[in-house]
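Enquirer: This is the structure, below, for whatever I ask next.
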Amino acid sequence: MSRRVDVLVAGSGMAGLVAALTAAHAGCSVRLISAGMGSLALSGGNIDLLGYVNGKRVSDPWQGMHELAPGHPYRLLGESTVRAALDFFQNAMADSGWPMHTGLADGRPCNTDVPTILGTLKPTWLLPAALDPAVLQTARRVLVASIHGLRDCRPSLVIGQLRRYRGWAEKSFTPALLPAPQEGAPRSITALDMARLADKPHTRQWLLEALAPYAGQYDLVLLPPVCGSGAEPEIFRAMSSAVGCPVMEMLSIPPGVGGLRLRAALLRSLNRHDFMLVENSTVLRAETAEGACAALLADTTLGERRHTAKAFVLATGGVLGGGIAVTPGKIRESVFGMEIPVPPDVASWSEEDVFGNHAFSRMGVSVDGDMRPVGQDAPQARNVFFAGRSIGGYDFSAEKSGYGVAIATGWQAGRAAAAVALAGEER
């Protein structure tokens with residue numbers, strides 16, 4: 001790529017997209033390079049801010065943040081910065097036609113316990129406005145439906161598990177298997193297959209007709225994530241109209257239909273700016289000189305490409321995303337080669353309890369409040385910032401904080417990168 005942009009973002013997960021959108025909003029030209037679709041393609045469509053602290057569930061994430069360790073990204077940023085980042089995100093989603101809101105308890109914002117296709121409840125902070133969190137508490141007659149041939153969603157299992165929870169045991173549940181859109185399908189189907197059929201009015205008719213016999217009998221219908229693959233609220237309205245009550249989707253395993261909706265909405269906003277998305281590009285290494293990063297080198301199907309910019313945001317993910325490389329006894333950041341300090345005893349990196357508080361989950365790049373890397377092995381580059389899973393100090397899985405940290409650190413990194421890039425223009 002010959003054109004030098006203001007801000008180059010590596011990684012198209014939540015952190016990378018938010019960083020890119022933040023910089024673009026500030027008036028920067030932005031290029032985002034990614035090896036693929038990013039982690040949003042594997043995840044749900046709600047925003048988990050903070051659900052657990054030290055294994056204890058929290059209803060108010062803002063109160064829980066004060067109990068986190070000093071090195072946690074939320075503590076580095078401070079509550080006011082995290083709130084500003086979430087406000088930016090919500091405004092961007094509303095402008096993109098996919099608004100999100102928070103549930104209430106006694107008139108105050110709180111986490112909402114959202115059902116999953118395994119019958120568990122997951123605390124989450126922001127839900128699409130097409131979903132009404134209040135109905136989860138008030139509904140008494142609940143239809144739990146899946147589709148013939150759909151993998152991994154069994155209504156009877158969901159109901160049996162939900163009955164274990166206070167507030168759910170007294171509800172009246174009905175399981176249902178809706179007919180598949182085609183008889184004799186050649187393979188098992190996924191929620192994404194069904195969601196894509198629901199994208200267009202003429203192909204979603206099968207689902208509306210399958211729901212019609214249940215109209216007027218329930219206060220709530222729980223479905224797997226099949227209400228369209230894009231960020232289109234009218235599909236939820238059509239489903240709710242077909243059954244005469246609110247329809248909510250259960251959180252599911254990949255493919256991440258809800259995450260793809262978030263990605264579509266964010267890209268819709270980004271494409272209104274001076275923005276370019278370059279996919280199928282794996283960042284290999286960085287070029288630095290005179291205390292700054294000059295370029296990132298990426299491997300593509302056409303060979304190695306050099307991307308130059310005034311400022312850089314690395315949101316390349318953790319171990320699974322390729323942003324963190326693990327070798328026997330060592331962990332390092334993949335692009336700049338920073339070695340990340342770890343305990344010498346590899347056995348101490350994890351706990352016997354698979355759902356425990358694992359040290360490896362908190363390993364990552366150490367940063368300051370501006371998301372610049374710090375430490376003895378940090379690159380001496382004033383225009384480099386990190387965001388998302390590549391940052392250490394938090395356990396997104398145990399805390400249920402993944403998207404919240406991604407949004408907060410992506411916003412801060414995007415702001416800082418934009419400030420560097422625009423200051424360079426002024427000089």
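Lettering and numbering for the structure tokens are positional, with chains as A, B, ... in the shown order, residues counted from 1 in each chain, and ligands counted from 1 in the shown order.
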Can you tell me which residues surround Val257 in chain A at a distance of at most 10 Å, considering only C-alpha atoms, apart from same-chain residues fewer than 2 positions away, and format the answer as a PyMOL selection string?
Expert: chain A and resi 40-45+190-196+224-231+251-255+259-263
Enquirer: Keeping C-alpha atoms for every residue in the selection just given, could you write it to a file as a PDB file, in the first residue's frame?
Expert:
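Output file result_36.pdb follows:
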```pdb
ATOM      1  CA  LEU A  40     -16.738 -10.924  16.414  1.00  0.00           C
ATOM      2  CA  ALA A  41     -17.509 -13.732  13.966  1.00  0.00           C
ATOM      3  CA  LEU A  42     -17.261 -16.166  16.883  1.00  0.00           C
ATOM      4  CA  SER A  43     -19.080 -14.276  19.608  1.00  0.00           C
ATOM      5  CA  GLY A  44     -22.464 -13.015  20.740  1.00  0.00           C
ATOM      6  CA  GLY A  45     -24.151  -9.695  20.151  1.00  0.00           C
ATOM      7  CA  THR A 190     -26.221 -23.785  11.987  1.00  0.00           C
ATOM      8  CA  ALA A 191     -27.848 -20.707  13.458  1.00  0.00           C
ATOM      9  CA  LEU A 192     -25.995 -18.616  10.870  1.00  0.00           C
ATOM     10  CA  ASP A 193     -27.606 -20.643   8.060  1.00  0.00           C
ATOM     11  CA  MET A 194     -31.041 -19.861   9.486  1.00  0.00           C
ATOM     12  CA  ALA A 195     -30.181 -16.235  10.203  1.00  0.00           C
ATOM     13  CA  ARG A 196     -29.169 -15.677   6.587  1.00  0.00           C
ATOM     14  CA  PRO A 224     -31.486 -19.433  19.011  1.00  0.00           C
ATOM     15  CA  PRO A 225     -29.819 -16.509  17.164  1.00  0.00           C
ATOM     16  CA  VAL A 226     -31.698 -16.840  13.871  1.00  0.00           C
ATOM     17  CA  CYS A 227     -33.311 -13.390  13.499  1.00  0.00           C
ATOM     18  CA  GLY A 228     -31.095 -12.236  10.642  1.00  0.00           C
ATOM     19  CA  SER A 229     -27.339 -12.007  10.179  1.00  0.00           C
ATOM     20  CA  GLY A 230     -27.262  -8.226   9.834  1.00  0.00           C
ATOM     21  CA  ALA A 231     -28.048  -5.384  12.207  1.00  0.00           C
ATOM     22  CA  LEU A 251     -26.689 -16.661  23.455  1.00  0.00           C
ATOM     23  CA  SER A 252     -25.072 -19.384  21.419  1.00  0.00           C
ATOM     24  CA  ILE A 253     -21.798 -21.030  20.471  1.00  0.00           C
ATOM     25  CA  PRO A 254     -20.014 -20.041  17.228  1.00  0.00           C
ATOM     26  CA  PRO A 255     -20.703 -19.051  14.538  1.00  0.00           C
ATOM     27  CA  GLY A 259     -21.221 -10.674  16.823  1.00  0.00           C
ATOM     28  CA  LEU A 260     -21.608 -10.436  13.052  1.00  0.00           C
ATOM     29  CA  ARG A 261     -24.437  -7.951  13.594  1.00  0.00           C
ATOM     30  CA  LEU A 262     -22.166  -5.794  15.739  1.00  0.00           C
ATOM     31  CA  ARG A 263     -19.463  -5.992  13.085  1.00  0.00           C
TER      32      ARG A 263
END
```
Enquirer: Tell me, as a list in words, which residues lie within 7 Å of range 140-144 of chain A, counting only C-alpha atoms; anything in the same chain fewer than 5 positions away does not count.
Expert: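 These residues fall inside the cut-off: Pro155, Lys171, Ser172, Phe173, Thr174, Pro175, Ala176, Tyr218, Asp219, Leu220, Val221, Leu222 and Leu223 of chain A.
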Enquirer: Show me, as a PyMOL selection string, the residues that have an atom within 7 Å of Val30 in chain A when counting only C-alpha atoms, minus same-chain residues fewer than 5 positions from it.
Expert: chain A and resi 5-8+20+24+274-276
Enquirer: Please indicate the distance in Å from CA of Arg154 in chain A to CA of Gly51 in chain A, rounded to one decimal place.
Expert: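 CA of Gly51 in chain A lies 25.8 Å from CA of Arg154 in chain A.
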Enquirer: List the spatial neighbours of range 121-136 of chain A as an mmCIF file with N, CA, C and O atoms, in the first residue's frame - criterion: any atom at most 6 Å away, only C-alpha atoms, same-chain residues fewer than 6 positions off excluded.
Expert:
```cif
data_model
loop_
_atom_site.group_PDB
_atom_site.id
_atom_site.type_symbol
_atom_site.label_atom_id
_atom_site.label_comp_id
_atom_site.auth_asym_id
_atom_site.auth_seq_id
_atom_site.Cartn_x
_atom_site.Cartn_y
_atom_site.Cartn_z
ATOM 1 N N ASN A 46 -24.130 -9.199 22.541
ATOM 2 C CA ASN A 46 -24.302 -8.344 23.707
ATOM 3 C C ASN A 46 -22.940 -7.848 24.196
ATOM 4 O O ASN A 46 -21.904 -8.413 23.853
ATOM 5 N N ILE A 47 -22.966 -6.817 25.019
ATOM 6 C CA ILE A 47 -21.731 -6.239 25.529
ATOM 7 C C ILE A 47 -21.601 -6.554 27.015
ATOM 8 O O ILE A 47 -22.357 -6.047 27.842
ATOM 9 N N ASP A 48 -20.662 -7.430 27.336
ATOM 10 C CA ASP A 48 -20.373 -7.757 28.732
ATOM 11 C C ASP A 48 -19.373 -6.743 29.267
ATOM 12 O O ASP A 48 -18.257 -6.657 28.767
ATOM 13 N N LEU A 49 -19.764 -5.999 30.267
ATOM 14 C CA LEU A 49 -18.892 -4.992 30.856
ATOM 15 C C LEU A 49 -18.083 -5.580 32.006
ATOM 16 O O LEU A 49 -16.861 -5.551 32.008
ATOM 17 N N GLY A 51 -19.105 -8.900 34.798
ATOM 18 C CA GLY A 51 -20.122 -9.743 35.424
ATOM 19 C C GLY A 51 -19.700 -10.369 36.724
ATOM 20 O O GLY A 51 -20.537 -10.642 37.587
ATOM 21 N N PRO A 99 -29.252 0.370 17.760
ATOM 22 C CA PRO A 99 -29.049 0.905 19.115
ATOM 23 C C PRO A 99 -29.002 -0.194 20.163
ATOM 24 O O PRO A 99 -29.597 -1.264 19.999
ATOM 25 N N MET A 100 -28.294 0.103 21.256
ATOM 26 C CA MET A 100 -28.162 -0.850 22.354
ATOM 27 C C MET A 100 -28.494 -0.143 23.659
ATOM 28 O O MET A 100 -28.283 1.065 23.795
ATOM 29 N N HIS A 101 -29.025 -0.922 24.612
ATOM 30 C CA HIS A 101 -29.426 -0.324 25.881
ATOM 31 C C HIS A 101 -29.114 -1.267 27.035
ATOM 32 O O HIS A 101 -28.760 -2.427 26.832
ATOM 33 N N THR A 102 -29.268 -0.729 28.239
ATOM 34 C CA THR A 102 -28.969 -1.464 29.464
ATOM 35 C C THR A 102 -30.261 -1.827 30.175
ATOM 36 O O THR A 102 -31.228 -1.061 30.154
ATOM 37 N N GLY A 103 -30.266 -3.001 30.832
ATOM 38 C CA GLY A 103 -31.416 -3.382 31.627
ATOM 39 C C GLY A 103 -31.504 -2.572 32.907
ATOM 40 O O GLY A 103 -30.533 -1.934 33.328
ATOM 41 N N ASN A 111 -26.661 -5.221 35.279
ATOM 42 C CA ASN A 111 -26.446 -6.350 34.383
ATOM 43 C C ASN A 111 -27.750 -7.119 34.201
ATOM 44 O O ASN A 111 -28.566 -7.215 35.122
ATOM 45 N N THR A 112 -27.930 -7.667 33.007
ATOM 46 C CA THR A 112 -29.079 -8.520 32.706
ATOM 47 C C THR A 112 -28.599 -9.946 32.534
ATOM 48 O O THR A 112 -27.612 -10.197 31.825
ATOM 49 N N ASP A 113 -29.265 -10.898 33.190
ATOM 50 C CA ASP A 113 -28.935 -12.312 33.026
ATOM 51 C C ASP A 113 -29.636 -12.845 31.780
ATOM 52 O O ASP A 113 -30.859 -13.029 31.765
ATOM 53 N N VAL A 114 -28.858 -13.091 30.741
ATOM 54 C CA VAL A 114 -29.401 -13.518 29.455
ATOM 55 C C VAL A 114 -29.249 -15.030 29.318
ATOM 56 O O VAL A 114 -28.159 -15.568 29.535
ATOM 57 N N PRO A 115 -30.315 -15.743 28.930
ATOM 58 C CA PRO A 115 -30.213 -17.200 28.765
ATOM 59 C C PRO A 115 -29.314 -17.577 27.599
ATOM 60 O O PRO A 115 -29.215 -16.861 26.599
ATOM 61 N N PRO A 233 -33.212 -4.220 12.966
ATOM 62 C CA PRO A 233 -34.235 -4.378 14.009
ATOM 63 C C PRO A 233 -35.589 -4.834 13.491
ATOM 64 O O PRO A 233 -36.351 -5.476 14.228
ATOM 65 N N MET A 248 -36.844 -13.090 22.134
ATOM 66 C CA MET A 248 -35.452 -12.872 22.510
ATOM 67 C C MET A 248 -34.616 -14.051 22.046
ATOM 68 O O MET A 248 -35.092 -15.183 22.025
#
```
Enquirer: Can you list every residue in range 200-388 of chain A that DSSP puts in helix (DSSP H, G or I), as a PyMOL selection string?
Expert: chain A and resi 201-214+233-243+257-270+346-349+359-362+388
Enquirer: Dump C-alpha atoms for the selected residues as a PDB file, in the first residue's frame?
Expert:
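Contents of part.pdb, as written:
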```
ATOM      1  CA  PRO A 201     -38.643 -11.065   3.605  1.00  0.00           C
ATOM      2  CA  HIS A 202     -39.372 -13.829   1.085  1.00  0.00           C
ATOM      3  CA  THR A 203     -36.959 -16.324   2.686  1.00  0.00           C
ATOM      4  CA  ARG A 204     -37.886 -15.503   6.297  1.00  0.00           C
ATOM      5  CA  GLN A 205     -41.537 -16.360   5.644  1.00  0.00           C
ATOM      6  CA  TRP A 206     -40.935 -19.976   6.631  1.00  0.00           C
ATOM      7  CA  LEU A 207     -39.956 -18.914  10.150  1.00  0.00           C
ATOM      8  CA  LEU A 208     -42.893 -16.530  10.518  1.00  0.00           C
ATOM      9  CA  GLU A 209     -45.248 -19.312   9.442  1.00  0.00           C
ATOM     10  CA  ALA A 210     -43.594 -21.767  11.847  1.00  0.00           C
ATOM     11  CA  LEU A 211     -44.138 -19.335  14.754  1.00  0.00           C
ATOM     12  CA  ALA A 212     -47.719 -18.416  13.807  1.00  0.00           C
ATOM     13  CA  PRO A 213     -49.402 -21.451  15.508  1.00  0.00           C
ATOM     14  CA  TYR A 214     -48.031 -20.251  18.867  1.00  0.00           C
ATOM     15  CA  PRO A 233     -34.235  -4.378  14.009  1.00  0.00           C
ATOM     16  CA  GLU A 234     -37.238  -4.873  11.753  1.00  0.00           C
ATOM     17  CA  ILE A 235     -36.566  -8.628  11.633  1.00  0.00           C
ATOM     18  CA  PHE A 236     -37.082  -8.856  15.398  1.00  0.00           C
ATOM     19  CA  ARG A 237     -40.244  -6.798  15.061  1.00  0.00           C
ATOM     20  CA  ALA A 238     -41.548  -9.207  12.419  1.00  0.00           C
ATOM     21  CA  MET A 239     -40.829 -12.223  14.649  1.00  0.00           C
ATOM     22  CA  SER A 240     -42.490 -10.634  17.669  1.00  0.00           C
ATOM     23  CA  SER A 241     -45.505  -9.704  15.578  1.00  0.00           C
ATOM     24  CA  ALA A 242     -45.848 -13.302  14.382  1.00  0.00           C
ATOM     25  CA  VAL A 243     -46.212 -14.647  17.950  1.00  0.00           C
ATOM     26  CA  VAL A 257     -24.515 -14.396  14.616  1.00  0.00           C
ATOM     27  CA  GLY A 258     -24.867 -11.620  17.185  1.00  0.00           C
ATOM     28  CA  GLY A 259     -21.221 -10.674  16.823  1.00  0.00           C
ATOM     29  CA  LEU A 260     -21.608 -10.436  13.052  1.00  0.00           C
ATOM     30  CA  ARG A 261     -24.437  -7.951  13.594  1.00  0.00           C
ATOM     31  CA  LEU A 262     -22.166  -5.794  15.739  1.00  0.00           C
ATOM     32  CA  ARG A 263     -19.463  -5.992  13.085  1.00  0.00           C
ATOM     33  CA  ALA A 264     -21.921  -4.990  10.352  1.00  0.00           C
ATOM     34  CA  ALA A 265     -23.113  -1.980  12.363  1.00  0.00           C
ATOM     35  CA  LEU A 266     -19.577  -0.804  13.149  1.00  0.00           C
ATOM     36  CA  LEU A 267     -18.452  -1.171   9.534  1.00  0.00           C
ATOM     37  CA  ARG A 268     -21.547   0.732   8.447  1.00  0.00           C
ATOM     38  CA  SER A 269     -20.375   3.629  10.608  1.00  0.00           C
ATOM     39  CA  LEU A 270     -16.752   3.337   9.505  1.00  0.00           C
ATOM     40  CA  VAL A 346       4.476 -23.562  33.568  1.00  0.00           C
ATOM     41  CA  ALA A 347       2.210 -25.633  35.814  1.00  0.00           C
ATOM     42  CA  SER A 348       1.346 -22.455  37.731  1.00  0.00           C
ATOM     43  CA  TRP A 349      -0.093 -20.842  34.608  1.00  0.00           C
ATOM     44  CA  ALA A 359      -2.898 -16.975  35.273  1.00  0.00           C
ATOM     45  CA  PHE A 360      -2.448 -17.524  31.523  1.00  0.00           C
ATOM     46  CA  SER A 361      -5.720 -15.692  30.893  1.00  0.00           C
ATOM     47  CA  ARG A 362      -4.285 -12.497  32.391  1.00  0.00           C
ATOM     48  CA  GLY A 388      -8.156  -5.556  23.454  1.00  0.00           C
TER      49      GLY A 388
END
```
Enquirer: For range 413-417 of chain A, please output as a VMD selection string all residues within 6 Å (counting only C-alpha atoms; exclusion window: fewer than 6 positions along the same chain).
Expert: chain A and resid 19 22 to 23 311 371 385
Enquirer: So how far away is CA of Lys400 in chain A from CA of Trp62 in chain A, in Å?
Expert: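 According to the coordinates, CA of Trp62 in chain A and CA of Lys400 in chain A are separated by 13.6 Å.
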Enquirer: At what distance in Å, to one decimal, does CA of Thr120 in chain A lie from CA of Gly149 in chain A?
Expert: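 So the two atoms, CA of Gly149 in chain A and CA of Thr120 in chain A, lie 21.9 Å apart.
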Enquirer: Would you pick out the contacts of Ser12 in chain A at 6 Å or less, using only C-alpha atoms, so that residues sharing its chain but fewer than 2 positions from it are not included, and give the list as a list in words?
Expert: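 Neighbouring residues, sequence-local ones excluded: Gly16, Leu17, Ser34 and Gly38 of chain A.
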Enquirer: Just list as number ranges by chain whatever in range 11-168 of chain A DSSP marks as strand (DSSP E or B).
Expert: A: 30-33, 47, 52-53, 56-57, 100-105, 108-110, 112-116, 121-124, 126-128, 141-147, 150
Enquirer: Taking N, CA and C atoms for each residue, export the selection above as an mmCIF file, in the first residue's frame.
Expert:
```cif
data_model
loop_
_atom_site.group_PDB
_atom_site.id
_atom_site.type_symbol
_atom_site.label_atom_id
_atom_site.label_comp_id
_atom_site.auth_asym_id
_atom_site.auth_seq_id
_atom_site.Cartn_x
_atom_site.Cartn_y
_atom_site.Cartn_z
ATOM 1 N N VAL A 30 -8.025 6.358 8.058
ATOM 2 C CA VAL A 30 -7.787 5.118 8.809
ATOM 3 C C VAL A 30 -7.765 3.935 7.854
ATOM 4 N N ARG A 31 -6.781 3.066 8.063
ATOM 5 C CA ARG A 31 -6.750 1.775 7.378
ATOM 6 C C ARG A 31 -6.740 0.683 8.438
ATOM 7 N N LEU A 32 -7.565 -0.314 8.236
ATOM 8 C CA LEU A 32 -7.606 -1.444 9.160
ATOM 9 C C LEU A 32 -7.203 -2.692 8.404
ATOM 10 N N ILE A 33 -6.191 -3.396 8.912
ATOM 11 C CA ILE A 33 -5.749 -4.636 8.272
ATOM 12 C C ILE A 33 -6.043 -5.796 9.201
ATOM 13 N N ILE A 47 -22.966 -6.817 25.019
ATOM 14 C CA ILE A 47 -21.731 -6.239 25.529
ATOM 15 C C ILE A 47 -21.601 -6.554 27.015
ATOM 16 N N TYR A 52 -18.379 -10.598 36.888
ATOM 17 C CA TYR A 52 -17.869 -11.257 38.090
ATOM 18 C C TYR A 52 -16.569 -10.588 38.531
ATOM 19 N N VAL A 53 -16.402 -10.463 39.831
ATOM 20 C CA VAL A 53 -15.154 -9.990 40.421
ATOM 21 C C VAL A 53 -14.746 -10.995 41.486
ATOM 22 N N LYS A 56 -17.276 -13.622 42.278
ATOM 23 C CA LYS A 56 -18.568 -13.188 42.811
ATOM 24 C C LYS A 56 -19.302 -12.369 41.764
ATOM 25 N N ARG A 57 -20.570 -12.735 41.519
ATOM 26 C CA ARG A 57 -21.360 -12.021 40.528
ATOM 27 C C ARG A 57 -21.645 -10.604 40.997
ATOM 28 N N MET A 100 -28.294 0.103 21.256
ATOM 29 C CA MET A 100 -28.162 -0.850 22.354
ATOM 30 C C MET A 100 -28.494 -0.143 23.659
ATOM 31 N N HIS A 101 -29.025 -0.922 24.612
ATOM 32 C CA HIS A 101 -29.426 -0.324 25.881
ATOM 33 C C HIS A 101 -29.114 -1.267 27.035
ATOM 34 N N THR A 102 -29.268 -0.729 28.239
ATOM 35 C CA THR A 102 -28.969 -1.464 29.464
ATOM 36 C C THR A 102 -30.261 -1.827 30.175
ATOM 37 N N GLY A 103 -30.266 -3.001 30.832
ATOM 38 C CA GLY A 103 -31.416 -3.382 31.627
ATOM 39 C C GLY A 103 -31.504 -2.572 32.907
ATOM 40 N N LEU A 104 -32.673 -2.595 33.537
ATOM 41 C CA LEU A 104 -32.910 -1.830 34.752
ATOM 42 C C LEU A 104 -33.407 -2.740 35.866
ATOM 43 N N ALA A 105 -33.046 -2.386 37.088
ATOM 44 C CA ALA A 105 -33.587 -3.017 38.295
ATOM 45 C C ALA A 105 -33.897 -1.905 39.285
ATOM 46 N N ARG A 108 -32.699 1.448 38.123
ATOM 47 C CA ARG A 108 -31.271 1.717 37.993
ATOM 48 C C ARG A 108 -30.639 0.732 37.011
ATOM 49 N N PRO A 109 -29.677 1.195 36.197
ATOM 50 C CA PRO A 109 -29.014 0.292 35.251
ATOM 51 C C PRO A 109 -28.314 -0.855 35.980
ATOM 52 N N CYS A 110 -28.370 -2.022 35.382
ATOM 53 C CA CYS A 110 -27.741 -3.200 35.994
ATOM 54 C C CYS A 110 -27.439 -4.213 34.911
ATOM 55 N N THR A 112 -27.930 -7.667 33.007
ATOM 56 C CA THR A 112 -29.079 -8.520 32.706
ATOM 57 C C THR A 112 -28.599 -9.946 32.534
ATOM 58 N N ASP A 113 -29.265 -10.898 33.190
ATOM 59 C CA ASP A 113 -28.935 -12.312 33.026
ATOM 60 C C ASP A 113 -29.636 -12.845 31.780
ATOM 61 N N VAL A 114 -28.858 -13.091 30.741
ATOM 62 C CA VAL A 114 -29.401 -13.518 29.455
ATOM 63 C C VAL A 114 -29.249 -15.030 29.318
ATOM 64 N N PRO A 115 -30.315 -15.743 28.930
ATOM 65 C CA PRO A 115 -30.213 -17.200 28.765
ATOM 66 C C PRO A 115 -29.314 -17.577 27.599
ATOM 67 N N THR A 116 -28.668 -18.727 27.736
ATOM 68 C CA THR A 116 -27.869 -19.298 26.659
ATOM 69 C C THR A 116 -28.526 -20.578 26.167
ATOM 70 N N LEU A 121 -27.271 -18.750 32.580
ATOM 71 C CA LEU A 121 -27.543 -17.323 32.509
ATOM 72 C C LEU A 121 -26.220 -16.568 32.514
ATOM 73 N N LYS A 122 -26.067 -15.634 31.596
ATOM 74 C CA LYS A 122 -24.830 -14.876 31.471
ATOM 75 C C LYS A 122 -25.108 -13.404 31.728
ATOM 76 N N PRO A 123 -24.399 -12.791 32.695
ATOM 77 C CA PRO A 123 -24.617 -11.367 32.958
ATOM 78 C C PRO A 123 -24.033 -10.497 31.854
ATOM 79 N N THR A 124 -24.838 -9.587 31.342
ATOM 80 C CA THR A 124 -24.392 -8.712 30.263
ATOM 81 C C THR A 124 -24.926 -7.307 30.490
ATOM 82 N N LEU A 126 -24.970 -4.389 27.910
ATOM 83 C CA LEU A 126 -25.710 -3.774 26.806
ATOM 84 C C LEU A 126 -26.320 -4.854 25.931
ATOM 85 N N LEU A 127 -27.598 -4.658 25.588
ATOM 86 C CA LEU A 127 -28.295 -5.546 24.673
ATOM 87 C C LEU A 127 -28.827 -4.715 23.518
ATOM 88 N N PRO A 128 -29.026 -5.346 22.353
ATOM 89 C CA PRO A 128 -29.676 -4.616 21.263
ATOM 90 C C PRO A 128 -31.041 -4.103 21.707
ATOM 91 N N ARG A 141 -45.275 -17.215 30.915
ATOM 92 C CA ARG A 141 -45.435 -18.305 29.945
ATOM 93 C C ARG A 141 -44.348 -18.143 28.881
ATOM 94 N N VAL A 142 -43.452 -19.117 28.827
ATOM 95 C CA VAL A 142 -42.275 -18.991 27.972
ATOM 96 C C VAL A 142 -42.209 -20.160 26.994
ATOM 97 N N LEU A 143 -42.130 -19.832 25.706
ATOM 98 C CA LEU A 143 -41.899 -20.832 24.670
ATOM 99 C C LEU A 143 -40.409 -20.861 24.353
ATOM 100 N N VAL A 144 -39.792 -22.034 24.500
ATOM 101 C CA VAL A 144 -38.380 -22.211 24.140
ATOM 102 C C VAL A 144 -38.346 -23.039 22.867
ATOM 103 N N ALA A 145 -37.939 -22.408 21.770
ATOM 104 C CA ALA A 145 -38.045 -23.054 20.465
ATOM 105 C C ALA A 145 -36.689 -23.197 19.801
ATOM 106 N N SER A 146 -36.551 -24.280 19.052
ATOM 107 C CA SER A 146 -35.404 -24.473 18.176
ATOM 108 C C SER A 146 -35.942 -24.919 16.823
ATOM 109 N N ILE A 147 -35.056 -25.346 15.934
ATOM 110 C CA ILE A 147 -35.433 -25.720 14.572
ATOM 111 C C ILE A 147 -34.907 -27.111 14.286
ATOM 112 N N LEU A 150 -31.155 -28.099 13.622
ATOM 113 C CA LEU A 150 -30.221 -27.099 14.133
ATOM 114 C C LEU A 150 -29.344 -27.710 15.214
#
```
